[in-house]
>>> print(open('input-v1.cif').read())   # mmCIF, C-alpha atoms and all ligand atoms
data_work
#
loop_
_atom_site.label_atom_id
_atom_site.label_comp_id
_atom_site.auth_asym_id
_atom_site.auth_seq_id
_atom_site.Cartn_x
_atom_site.Cartn_y
_atom_site.Cartn_z
CA MET A 1 -83.08 4.54 10.99
CA THR A 2 -84.60 4.10 7.55
CA PRO A 3 -87.88 2.20 6.95
CA ALA A 4 -85.89 -0.37 4.95
CA VAL A 5 -83.63 -1.11 7.93
CA LYS A 6 -86.67 -1.33 10.20
CA GLU A 7 -88.21 -3.87 7.83
CA LYS A 8 -85.03 -5.94 7.82
CA LEU A 9 -84.96 -5.97 11.62
CA THR A 10 -88.61 -7.02 11.82
CA ALA A 11 -88.07 -9.77 9.26
CA LEU A 12 -85.08 -11.07 11.21
CA LEU A 13 -86.88 -11.41 14.56
CA PRO A 14 -90.62 -11.50 13.84
CA GLY A 15 -92.63 -10.36 16.87
CA ARG A 16 -89.54 -9.56 18.90
CA VAL A 17 -88.64 -6.14 17.57
CA LYS A 18 -90.33 -3.00 18.85
CA PHE A 19 -89.87 0.58 17.77
CA ASP A 20 -90.03 3.58 20.08
CA ALA A 21 -90.00 1.15 23.01
CA SER A 22 -90.05 2.37 26.60
CA LEU A 23 -86.74 1.72 28.35
CA ALA A 24 -87.70 3.20 31.70
CA GLU A 25 -89.73 0.12 32.56
CA MET A 26 -86.73 -2.08 31.78
CA THR A 27 -84.49 -0.44 34.36
CA THR A 28 -84.67 -0.26 38.14
CA PHE A 29 -84.15 3.53 37.92
CA GLY A 30 -87.34 3.72 35.82
CA LEU A 31 -86.09 6.81 33.97
CA GLY A 32 -85.08 7.92 30.51
CA GLY A 33 -86.44 8.11 26.99
CA PRO A 34 -87.35 5.28 24.60
CA ALA A 35 -85.23 3.01 22.44
CA GLU A 36 -85.54 3.71 18.75
CA THR A 37 -85.52 -0.10 18.44
CA LEU A 38 -85.68 -2.84 21.05
CA ALA A 39 -84.74 -6.32 19.80
CA GLU A 40 -85.04 -9.49 21.83
CA PRO A 41 -83.29 -12.44 20.16
CA ASP A 42 -84.10 -15.82 21.63
CA SER A 43 -81.23 -18.00 20.41
CA PRO A 44 -77.54 -17.63 19.53
CA GLU A 45 -78.48 -17.89 15.83
CA GLU A 46 -80.92 -15.01 16.14
CA LEU A 47 -78.40 -12.97 18.09
CA ALA A 48 -75.73 -13.59 15.44
CA GLY A 49 -78.14 -12.49 12.69
CA LEU A 50 -79.05 -9.36 14.62
CA LEU A 51 -75.45 -8.41 15.43
CA GLY A 52 -74.53 -8.99 11.77
CA LEU A 53 -77.27 -6.62 10.61
CA VAL A 54 -76.44 -4.03 13.26
CA ARG A 55 -72.86 -4.04 12.06
CA ALA A 56 -73.67 -4.01 8.35
CA GLU A 57 -76.00 -1.04 8.78
CA LEU A 58 -73.63 0.74 11.22
CA LEU A 59 -76.38 1.05 13.83
CA PRO A 60 -75.50 2.13 17.38
CA SER A 61 -76.32 -0.73 19.74
CA PHE A 62 -76.39 -1.45 23.43
CA ILE A 63 -76.75 -4.77 25.25
CA LEU A 64 -79.20 -4.43 28.14
CA GLY A 65 -79.57 -7.01 30.89
CA GLY A 66 -81.81 -6.65 33.91
CA GLY A 67 -81.35 -2.87 33.87
CA SER A 68 -80.26 -2.54 37.49
CA ASN A 69 -77.06 -0.61 36.76
CA VAL A 70 -78.06 1.50 33.78
CA LEU A 71 -79.41 5.01 33.43
CA PHE A 72 -80.84 5.90 30.04
CA ARG A 73 -80.75 9.60 29.25
CA ASP A 74 -84.02 11.46 28.70
CA GLY A 75 -83.59 11.51 24.92
CA GLY A 76 -83.56 7.72 24.80
CA PHE A 77 -81.33 5.47 22.71
CA PRO A 78 -80.91 6.24 19.01
CA GLY A 79 -80.26 2.74 17.73
CA VAL A 80 -80.87 -0.87 18.73
CA VAL A 81 -81.13 -1.92 22.36
CA ILE A 82 -80.57 -5.67 22.44
CA ARG A 83 -82.03 -7.63 25.32
CA LEU A 84 -81.57 -11.39 25.35
CA GLY A 85 -84.90 -13.24 25.43
CA ARG A 86 -86.20 -16.05 27.62
CA GLY A 87 -84.33 -18.58 25.47
CA PHE A 88 -81.22 -17.37 27.31
CA ALA A 89 -82.70 -17.66 30.81
CA ASP A 90 -82.14 -21.36 31.60
CA LEU A 91 -80.78 -22.30 34.96
CA LYS A 92 -79.73 -25.87 35.67
CA THR A 93 -77.43 -28.08 37.67
CA ILE A 94 -75.15 -29.75 35.15
CA ALA A 95 -72.72 -31.76 37.27
CA GLY A 96 -71.85 -32.55 40.80
CA GLU A 97 -68.84 -34.47 41.99
CA GLY A 98 -67.81 -34.75 45.59
CA ASP A 99 -68.11 -31.36 47.14
CA GLU A 100 -68.38 -29.42 43.91
CA VAL A 101 -71.59 -28.72 41.98
CA LEU A 102 -71.69 -26.93 38.63
CA ILE A 103 -74.64 -24.73 37.77
CA GLU A 104 -75.17 -23.37 34.29
CA ALA A 105 -76.96 -20.05 34.09
CA GLY A 106 -78.10 -18.22 30.98
CA ALA A 107 -77.22 -14.54 30.70
CA ALA A 108 -80.91 -13.56 30.89
CA ALA A 109 -81.55 -15.50 34.12
CA ALA A 110 -82.19 -13.28 37.11
CA THR A 111 -79.39 -13.33 39.69
CA ALA A 112 -82.18 -13.68 42.28
CA ALA A 113 -83.26 -16.96 40.63
CA LEU A 114 -79.65 -18.17 40.65
CA VAL A 115 -79.26 -17.39 44.35
CA ARG A 116 -82.64 -19.03 45.07
CA LEU A 117 -81.48 -22.24 43.37
CA THR A 118 -78.19 -22.36 45.29
CA ARG A 119 -80.04 -21.65 48.52
CA ARG A 120 -82.52 -24.45 47.88
CA GLN A 121 -79.72 -26.90 47.15
CA GLY A 122 -77.53 -25.73 50.02
CA LEU A 123 -74.69 -24.66 47.71
CA SER A 124 -72.09 -22.20 48.90
CA GLY A 125 -70.24 -19.53 46.92
CA LEU A 126 -72.84 -16.98 45.87
CA GLU A 127 -74.36 -16.01 49.22
CA PHE A 128 -72.95 -12.47 48.88
CA MET A 129 -75.14 -11.95 45.80
CA ALA A 130 -78.37 -12.25 47.83
CA GLY A 131 -80.50 -9.16 47.42
CA LEU A 132 -78.64 -7.80 44.37
CA PRO A 133 -81.03 -7.24 41.45
CA GLY A 134 -80.26 -7.78 37.78
CA TRP A 135 -79.49 -10.60 35.37
CA VAL A 136 -76.54 -12.97 35.25
CA GLY A 137 -75.09 -11.45 32.04
CA GLY A 138 -75.08 -7.90 33.37
CA ALA A 139 -73.84 -8.98 36.79
CA LEU A 140 -70.91 -10.77 35.12
CA ALA A 141 -70.12 -7.91 32.74
CA MET A 142 -69.65 -5.54 35.70
CA ASN A 143 -68.46 -8.20 38.15
CA ALA A 144 -71.25 -7.25 40.56
CA GLY A 145 -70.86 -8.01 44.22
CA THR A 146 -69.65 -6.55 47.44
CA ARG A 147 -66.44 -4.86 48.56
CA GLU A 148 -64.77 -8.22 49.02
CA ALA A 149 -66.26 -10.50 46.38
CA GLY A 150 -67.40 -10.34 42.77
CA ILE A 151 -69.66 -12.81 40.95
CA VAL A 152 -66.88 -13.67 38.48
CA ASP A 153 -64.92 -15.29 41.34
CA ALA A 154 -67.44 -18.16 41.27
CA VAL A 155 -67.30 -18.70 37.49
CA GLN A 156 -65.68 -21.82 36.03
CA ARG A 157 -66.48 -21.16 32.40
CA LEU A 158 -68.11 -18.51 30.24
CA GLU A 159 -69.79 -18.89 26.90
CA ILE A 160 -69.68 -15.76 24.75
CA MET A 161 -70.55 -14.70 21.25
CA ALA A 162 -67.33 -13.23 19.93
CA SER A 163 -67.17 -10.33 17.50
CA ASP A 164 -66.83 -12.80 14.58
CA LEU A 165 -70.30 -14.04 15.67
CA GLU A 166 -68.94 -17.47 16.70
CA VAL A 167 -69.83 -18.95 20.08
CA ARG A 168 -66.70 -19.44 22.20
CA ARG A 169 -65.90 -20.85 25.60
CA LEU A 170 -63.59 -19.15 28.04
CA GLU A 171 -62.23 -21.30 30.86
CA LYS A 172 -61.50 -19.95 34.32
CA GLY A 173 -57.81 -19.34 33.61
CA GLU A 174 -58.66 -17.20 30.58
CA ILE A 175 -61.14 -14.95 32.42
CA LYS A 176 -59.64 -11.72 33.73
CA SER A 177 -61.69 -9.78 36.24
CA ARG A 178 -61.18 -6.97 38.71
CA TYR A 179 -63.25 -4.96 41.18
CA ARG A 180 -66.45 -4.18 39.25
CA GLY A 181 -64.96 -5.15 35.93
CA LEU A 182 -64.52 -8.08 33.53
CA ASP A 183 -62.16 -7.96 30.56
CA LEU A 184 -63.78 -9.66 27.61
CA PRO A 185 -62.66 -9.63 24.00
CA GLU A 186 -63.93 -6.47 22.25
CA GLY A 187 -67.54 -6.80 21.11
CA ALA A 188 -68.21 -10.07 22.98
CA VAL A 189 -71.69 -10.81 24.31
CA ILE A 190 -72.04 -13.12 27.33
CA LEU A 191 -74.43 -16.00 26.61
CA LYS A 192 -74.07 -18.18 29.69
CA ALA A 193 -71.86 -19.02 32.62
CA VAL A 194 -71.02 -22.14 34.57
CA PHE A 195 -70.64 -21.50 38.29
CA GLY A 196 -68.58 -23.81 40.50
CA LEU A 197 -70.21 -24.04 43.93
CA LYS A 198 -69.50 -26.05 47.05
CA ARG A 199 -71.98 -28.39 48.63
CA GLY A 200 -72.32 -26.77 52.01
CA ARG A 201 -74.43 -27.33 55.07
CA PRO A 202 -77.84 -25.99 53.95
CA GLU A 203 -78.49 -24.31 57.31
CA LEU A 204 -75.14 -22.47 57.11
CA VAL A 205 -75.79 -21.32 53.53
CA GLU A 206 -79.23 -20.13 54.60
CA ALA A 207 -77.83 -18.33 57.66
CA LYS A 208 -75.23 -16.53 55.50
CA VAL A 209 -77.86 -15.47 52.95
CA LEU A 210 -80.10 -14.12 55.71
CA GLU A 211 -77.14 -12.23 57.20
CA VAL A 212 -76.33 -10.63 53.82
CA LEU A 213 -79.98 -9.66 53.28
CA ALA A 214 -80.26 -8.19 56.78
CA ALA A 215 -77.08 -6.12 56.30
CA ARG A 216 -78.40 -4.71 53.03
CA ARG A 217 -81.77 -3.95 54.57
CA ALA A 218 -80.09 -2.13 57.45
CA SER A 219 -77.85 0.08 55.33
CA GLN A 220 -79.56 0.61 51.97
CA PRO A 221 -82.68 2.57 50.99
CA ARG A 222 -85.91 0.74 50.23
CA GLY A 223 -89.23 1.75 48.73
CA VAL A 224 -87.59 4.21 46.32
CA LYS A 225 -86.19 3.81 42.81
CA SER A 226 -82.44 3.63 42.22
CA ALA A 227 -79.69 1.75 40.43
CA GLY A 228 -77.91 0.74 43.61
CA CYS A 229 -74.51 2.27 44.26
CA VAL A 230 -73.81 5.11 41.85
CA PHE A 231 -70.00 5.19 42.16
CA LYS A 232 -67.32 2.53 42.41
CA ASN A 233 -65.40 2.50 45.64
CA PRO A 234 -62.03 4.22 45.16
CA PRO A 235 -59.06 2.04 46.17
CA GLY A 236 -58.97 1.67 49.95
CA GLU A 237 -62.03 3.88 50.47
CA ALA A 238 -65.81 3.70 50.33
CA ALA A 239 -67.56 6.13 48.02
CA GLY A 240 -70.54 6.16 50.42
CA ARG A 241 -68.33 7.22 53.32
CA LEU A 242 -66.73 10.06 51.35
CA ILE A 243 -70.08 11.40 50.09
CA ASP A 244 -71.49 11.13 53.61
CA ARG A 245 -68.48 12.97 55.11
CA ALA A 246 -68.90 15.68 52.49
CA GLY A 247 -72.32 16.33 54.03
CA LEU A 248 -74.20 15.43 50.85
CA LYS A 249 -76.89 13.12 52.23
CA GLY A 250 -80.28 14.54 51.31
CA ARG A 251 -78.81 16.87 48.60
CA ARG A 252 -81.53 17.24 45.93
CA LYS A 253 -81.84 18.07 42.29
CA GLY A 254 -85.46 18.19 41.18
CA GLY A 255 -87.07 14.91 42.16
CA ALA A 256 -83.78 13.09 42.82
CA TRP A 257 -81.79 13.07 46.03
CA VAL A 258 -78.77 11.49 47.71
CA ALA A 259 -80.21 8.80 49.98
CA GLU A 260 -80.13 9.41 53.73
CA GLU A 261 -79.69 5.68 54.37
CA HIS A 262 -76.61 5.26 52.14
CA ALA A 263 -74.83 8.17 50.52
CA ASN A 264 -73.72 6.20 47.44
CA PHE A 265 -77.35 5.83 46.32
CA ILE A 266 -79.22 8.45 44.29
CA VAL A 267 -82.94 7.77 44.60
CA HIS A 268 -86.32 9.12 43.52
CA ARG A 269 -89.99 8.36 43.86
CA GLY A 270 -91.02 8.73 40.23
CA GLN A 271 -90.80 12.52 40.03
CA ALA A 272 -87.23 12.81 38.68
CA THR A 273 -85.71 12.96 35.21
CA ALA A 274 -82.55 11.22 34.12
CA GLY A 275 -81.04 14.67 33.58
CA GLN A 276 -81.60 15.56 37.23
CA VAL A 277 -79.95 12.32 38.38
CA ILE A 278 -76.94 13.00 36.14
CA GLY A 279 -76.76 16.61 37.36
CA LEU A 280 -76.78 15.45 40.97
CA LEU A 281 -74.16 12.79 40.25
CA GLU A 282 -71.88 15.44 38.75
CA GLU A 283 -72.46 17.74 41.72
CA VAL A 284 -71.55 14.96 44.16
CA ARG A 285 -68.43 14.23 42.13
CA THR A 286 -67.39 17.87 42.14
CA VAL A 287 -67.89 18.30 45.90
CA VAL A 288 -65.96 15.10 46.69
CA ARG A 289 -63.16 16.15 44.32
CA GLU A 290 -62.90 19.58 45.95
CA LYS A 291 -63.08 18.29 49.53
CA PHE A 292 -60.99 15.13 49.34
CA ALA A 293 -59.14 15.32 46.00
CA VAL A 294 -60.68 11.98 45.05
CA GLU A 295 -62.17 11.40 41.60
CA LEU A 296 -65.24 9.20 41.93
CA GLU A 297 -65.86 6.94 38.97
CA PRO A 298 -69.48 6.09 38.18
CA GLU A 299 -70.41 2.44 38.59
CA ILE A 300 -73.67 2.91 36.73
CA LYS A 301 -73.66 3.08 32.95
CA ILE A 302 -75.14 6.28 31.57
CA VAL A 303 -76.36 5.61 28.05
CA GLY A 304 -78.20 7.31 25.22
CA ARG A 305 -78.71 10.91 24.25
CA ASP A 306 -79.91 13.92 26.14
CA PRO A 307 -83.03 15.65 24.84
CA GLN A 308 -80.88 18.19 22.99
CA GLY A 309 -79.54 15.34 20.93
CA ALA A 310 -75.98 14.89 22.24
CA ILE A 311 -75.09 11.20 22.36
CA GLY A 312 -73.02 9.76 25.18
N1 LIG A 401 -70.70 4.44 54.80
C1 LIG A 401 -70.89 5.67 55.38
N2 LIG A 401 -71.97 6.41 55.01
C2 LIG A 401 -72.85 5.97 54.08
C3 LIG A 401 -72.66 4.72 53.50
C4 LIG A 401 -71.56 3.96 53.85
O1 LIG A 401 -70.10 6.10 56.23
O2 LIG A 401 -73.81 6.70 53.79
C5 LIG A 401 -69.56 3.64 55.23
C6 LIG A 401 -70.02 2.38 55.98
O3 LIG A 401 -70.20 2.66 57.33
C7 LIG A 401 -68.90 1.42 55.73
C8 LIG A 401 -68.39 1.81 54.34
O4 LIG A 401 -68.87 3.13 54.09
O5 LIG A 401 -67.85 1.64 56.63
C9 LIG A 401 -68.87 0.85 53.25
O6 LIG A 401 -70.28 0.82 53.21
P1 LIG A 401 -71.09 -0.53 52.88
O7 LIG A 401 -70.70 -1.61 53.81
O8 LIG A 401 -72.52 -0.16 52.74
O9 LIG A 401 -70.54 -1.02 51.51
P2 LIG A 401 -70.29 -0.24 50.14
O10 LIG A 401 -68.85 -0.37 49.82
O11 LIG A 401 -70.87 1.12 50.18
C10 LIG A 401 -70.61 -2.32 48.57
C11 LIG A 401 -71.17 -2.41 47.19
C12 LIG A 401 -72.68 -2.60 47.29
C13 LIG A 401 -73.02 -3.83 48.09
C14 LIG A 401 -72.41 -3.65 49.48
C15 LIG A 401 -72.70 -4.90 50.29
C16 LIG A 401 -69.80 -0.97 45.77
C17 LIG A 401 -69.72 0.33 45.05
N3 LIG A 401 -70.91 -1.19 46.48
O12 LIG A 401 -71.14 -1.12 49.12
O13 LIG A 401 -73.15 -2.79 45.97
O14 LIG A 401 -74.44 -3.98 48.21
O15 LIG A 401 -70.98 -3.48 49.34
O16 LIG A 401 -71.71 -5.26 51.12
O17 LIG A 401 -68.90 -1.80 45.68
C18 LIG A 401 -74.09 -1.87 44.03
O18 LIG A 401 -73.11 -2.33 43.46
O19 LIG A 401 -75.01 -1.30 43.43
C19 LIG A 401 -74.14 -1.99 45.47
C20 LIG A 401 -75.04 -1.37 46.20
#
>>> encode(input="input-v1.cif", output="structure tokens", more="lines below")
Ligand code: EPU
Amino acid sequence: MTPAVKEKLTALLPGRVKFDASLAEMTTFGLGGPAETLAEPDSPEELAGLLGLVRAELLPSFILGGGSNVLFRDGGFPGVVIRLGRGFADLKTIAGEGDEVLIEAGAAAATAALVRLTRRQGLSGLEFMAGLPGWVGGALAMNAGTREAGIVDAVQRLEIMASDLEVRRLEKGEIKSRYRGLDLPEGAVILKAVFGLKRGRPELVEAKVLEVLAARRASQPRGVKSAGCVFKNPPGEAAGRLIDRAGLKGRRKGGAWVAEEHANFIVHRGQATAGQVIGLLEEVRTVVREKFAVELEPEIKIVGRDPQGAIG
């Protein structure tokens, strides 16, 4: 990136552009090299200006949310990592009629804050999200959730910035989602979502949330760093079960290993590199392919370049 482009970026978002910015601390994996540029727009206008410049200068870009499903390679990101600022983190109840209550959540709001609000108000529909880290925008983009439910199921309306840099609304009928996926128009950035929730009995909502949290605690590793499940579940199967049956629990590469508690987690305690995690992921994939003829598809996004400079 030339000094002139850097100056333009700084002028566009004064105080909210950093160069050579650590990305590891912005992800739950806590790994990987720096972003050449990190930009944090705080309004749709600022985002539009930034996306316009990124496009005009042909800069590689990546939209980062809460960083709970992303692994940056050790060579970092050679371009602009865009993370929506606090101006996109509002969370409010906007309407409630009869049994239904609408909650509007900005893309940069933490899913934990969203679940906390619904729990406090005794609203039902997002209990399955309890204990999942990340931000609303990222959770929507990958339709985060469990085997049975995805967060997009609860969405009534989305607000996006389309590739022409206009803000657009998508109503429920226009939103196409699938297991761990959401089909948005090419280049769209999620700005906010309106969730349709049911006024439930607060004690039942609370009981369900506690049940979900207890189930996660019982089956998933804690006290280590990870990005949650590494692979999507193949149709009709569980990636964790296959990896477990392949005898891969505890398999290590450098400081990273396949979790003993849940085989679809790769974890570390701060001694691993992104390259080791990726190497282990590929090894797991190869073993499962050879043993069960199943191709596991990563759920996590692997982004950036390796230290030798190859971009992926
Ligand atoms: N299993 C094993 N061995 C293991 C792990 C799992 O045999 O090491 C078996 C379990 O016994 C169970 C099946 O595999 O029969 C499924 O396991 P689990 O109930 O833990 O659910 P999952 O499909 O592995 C999904 C989501 C999780 C989410 C849980 C909560 C995916 C890829 N994962 O896990 O999401 O927390 O449901 O119900 O859909 C994430 O997305 O990062 C994530 C962790």
>>> residues_around(input="input-v1.cif", residues="region 210-217 of chain A", least_positions_apart="6", cutoff="7 Å", atoms="all atoms listed in the file", output="PDB file with C-alpha atoms, in the frame of the given file")
ATOM      1  CA  PHE A 128     -72.950 -12.470  48.880  1.00  0.00           C
ATOM      2  CA  ALA A 130     -78.370 -12.250  47.830  1.00  0.00           C
ATOM      3  CA  GLY A 131     -80.500  -9.160  47.420  1.00  0.00           C
TER       4      GLY A 131
END
>>> residues_around(input="input-v1.cif", residues="Lys6 (chain A)", least_positions_apart="4", cutoff="12 Å", atoms="all atoms listed in the file", output="list in words")
Met1, Thr2, Thr10, Ala11, Leu12, Leu13, Pro14, Val17, Lys18, Phe19, Asp20, Glu36, Thr37, Leu38, Ala39, Leu50, Leu53, Val54, Glu57, Leu59, Gly79 and Val80 of chain A
>>> residues_around(input="input-v1.cif", residues="region 115-119 of chain A", least_positions_apart="2", cutoff="10 Å", atoms="only C-alpha atoms", output="JSON, numbers by chain")
{"A": [91, 92, 93, 101, 103, 110, 111, 112, 113, 121, 122, 123, 124, 125, 126, 127, 128, 129, 130, 131, 132, 197, 198, 199, 200, 202, 203, 204, 205, 206, 207, 208, 209]}
>>> residues_around(input="input-v1.cif", residues="Pro34 (chain A)", least_positions_apart="5", cutoff="12 Å", atoms="only C-alpha atoms", output="list in words")
Lys18, Phe19, Asp20, Ala21, Ser22, Leu23, Ala24, Glu25, Met26, Thr27, Leu71, Phe72, Arg73, Asp74, Gly75, Gly76, Phe77, Pro78, Gly79, Val80, Val81, Val303, Gly304, Arg305, Asp306 and Pro307 of chain A
>>> residues_around(input="input-v1.cif", residues="Asn143 (chain A)", least_positions_apart="5", cutoff="7 Å", atoms="all atoms listed in the file", output="compact mmCIF listing (two decimals) with C-alpha atoms, in the frame of the given file")
# COMPACT_ATOMS: atom_id res chain seq x y z
CA GLY A 150 -67.40 -10.34 42.77
CA ILE A 151 -69.66 -12.81 40.95
CA VAL A 152 -66.88 -13.67 38.48
CA TYR A 179 -63.25 -4.96 41.18
CA ARG A 180 -66.45 -4.18 39.25
CA GLY A 181 -64.96 -5.15 35.93
CA LEU A 182 -64.52 -8.08 33.53
>>> atom_distance(input="input-v1.cif", atom1="CA of Ala272 (chain A)", atom2="CA of Glu40 (chain A)")
28.0 Å
>>> atom_distance(input="input-v1.cif", atom1="CA of Pro3 (chain A)", atom2="CA of Phe62 (chain A)")
20.4 Å
>>> atom_distance(input="input-v1.cif", atom1="atom C18 of ligand LIG 401 (chain A)", atom2="CA of Glu174 (chain A)")
25.6 Å
>>> closest_residue(input="input-v1.cif", among="A:Ala263, A:Thr273, A:Ile175, A:Glu297", to="Asn233 (chain A)", atoms="all atoms listed in the file")
A:Glu297
>>> closest_residue(input="input-v1.cif", among="A:Ala293, A:Met161, A:Lys172, A:Leu102", to="Pro185 (chain A)", atoms="only C-alpha atoms")
A:Met161
>>> residues_near_point(input="input-v1.cif", point="(-68.0, -11.6, 33.3)", cutoff="12 Å", atoms="all atoms listed in the file", output="ChimeraX atom specification")
/A:107,135-145,150-160,170-172,174-185,188-195
>>> closest_residue(input="input-v1.cif", among="A:Val224, A:Leu242, A:Leu114, A:Ala259", to="Val287 (chain A)", atoms="all atoms listed in the file")
A:Leu242
>>> residues_near_point(input="input-v1.cif", point="(-69.2, 4.7, 41.6)", cutoff="7 Å", atoms="only C-alpha atoms", output="list in words")
Cys229, Val230, Phe231, Lys232, Asn233, Ala239, Leu296, Glu297, Pro298, Glu299 and Ile300 of chain A
>>> axis_aligned_box(input="input-v1.cif", around="ligand LIG 401 (chain A)", padding_each_side="8 Å", output="lines of an AutoDock Vina configuration file")
center_x = -71.4
center_y = 0.7
center_z = 50.4
size_x = 23.2
size_y = 28.0
size_z = 29.9
>>> closest_residue(input="input-v1.cif", among="A:Leu51, A:Ile243, A:Leu165, A:Leu84", to="ligand LIG 401 (chain A)", atoms="only C-alpha atoms and all ligand atoms")
A:Ile243
>>> closest_residue(input="input-v1.cif", among="A:Val70, A:Ala274, A:Ala89, A:Ala95", to="ligand LIG 401 (chain A)", atoms="all atoms listed in the file")
A:Val70
>>> closest_residue(input="input-v1.cif", among="A:Ile63, A:Ala105, A:Val5, A:Leu248", to="Glu260 (chain A)", atoms="only C-alpha atoms")
A:Leu248
>>> build_atoms(input="input-v1.cif", residues="region 21-27 of chain A", atoms="all heavy atoms", output="mmCIF file, in the frame of the given file")
data_model
loop_
_atom_site.group_PDB
_atom_site.id
_atom_site.type_symbol
_atom_site.label_atom_id
_atom_site.label_comp_id
_atom_site.auth_asym_id
_atom_site.auth_seq_id
_atom_site.Cartn_x
_atom_site.Cartn_y
_atom_site.Cartn_z
ATOM 1 N N ALA A 21 -89.637 1.989 21.855
ATOM 2 C CA ALA A 21 -90.000 1.150 23.010
ATOM 3 C C ALA A 21 -89.532 1.799 24.315
ATOM 4 O O ALA A 21 -88.400 2.268 24.411
ATOM 5 C CB ALA A 21 -89.345 -0.215 22.863
ATOM 6 N N SER A 22 -90.405 1.787 25.306
ATOM 7 C CA SER A 22 -90.050 2.370 26.600
ATOM 8 C C SER A 22 -88.887 1.607 27.231
ATOM 9 O O SER A 22 -88.894 0.379 27.310
ATOM 10 C CB SER A 22 -91.255 2.308 27.538
ATOM 11 O OG SER A 22 -90.832 2.574 28.858
ATOM 12 N N LEU A 23 -87.869 2.341 27.664
ATOM 13 C CA LEU A 23 -86.740 1.720 28.350
ATOM 14 C C LEU A 23 -86.863 1.875 29.853
ATOM 15 O O LEU A 23 -86.309 1.092 30.620
ATOM 16 C CB LEU A 23 -85.427 2.371 27.886
ATOM 17 C CG LEU A 23 -84.997 2.031 26.465
ATOM 18 C CD1 LEU A 23 -83.844 2.922 26.024
ATOM 19 C CD2 LEU A 23 -84.604 0.561 26.373
ATOM 20 N N ALA A 24 -87.590 2.926 30.267
ATOM 21 C CA ALA A 24 -87.700 3.200 31.700
ATOM 22 C C ALA A 24 -88.198 1.969 32.448
ATOM 23 O O ALA A 24 -87.662 1.605 33.495
ATOM 24 C CB ALA A 24 -88.643 4.384 31.927
ATOM 25 N N GLU A 25 -89.173 1.273 31.852
ATOM 26 C CA GLU A 25 -89.730 0.120 32.560
ATOM 27 C C GLU A 25 -88.786 -1.083 32.555
ATOM 28 O O GLU A 25 -89.056 -2.079 33.205
ATOM 29 C CB GLU A 25 -91.094 -0.254 31.956
ATOM 30 C CG GLU A 25 -91.026 -0.693 30.530
ATOM 31 C CD GLU A 25 -92.400 -0.634 29.825
ATOM 32 O OE1 GLU A 25 -93.119 0.374 29.996
ATOM 33 O OE2 GLU A 25 -92.726 -1.597 29.140
ATOM 34 N N MET A 26 -87.691 -0.968 31.815
ATOM 35 C CA MET A 26 -86.730 -2.080 31.780
ATOM 36 C C MET A 26 -85.534 -1.820 32.682
ATOM 37 O O MET A 26 -84.556 -2.557 32.640
ATOM 38 C CB MET A 26 -86.247 -2.288 30.356
ATOM 39 C CG MET A 26 -87.356 -2.800 29.513
ATOM 40 S SD MET A 26 -86.820 -3.106 27.872
ATOM 41 C CE MET A 26 -88.395 -3.531 27.180
ATOM 42 N N THR A 27 -85.581 -0.723 33.429
ATOM 43 C CA THR A 27 -84.490 -0.440 34.360
ATOM 44 C C THR A 27 -85.045 -0.208 35.765
ATOM 45 O O THR A 27 -86.191 0.211 35.916
ATOM 46 C CB THR A 27 -83.693 0.822 33.951
ATOM 47 O OG1 THR A 27 -84.549 1.966 34.098
ATOM 48 C CG2 THR A 27 -83.187 0.744 32.537
#
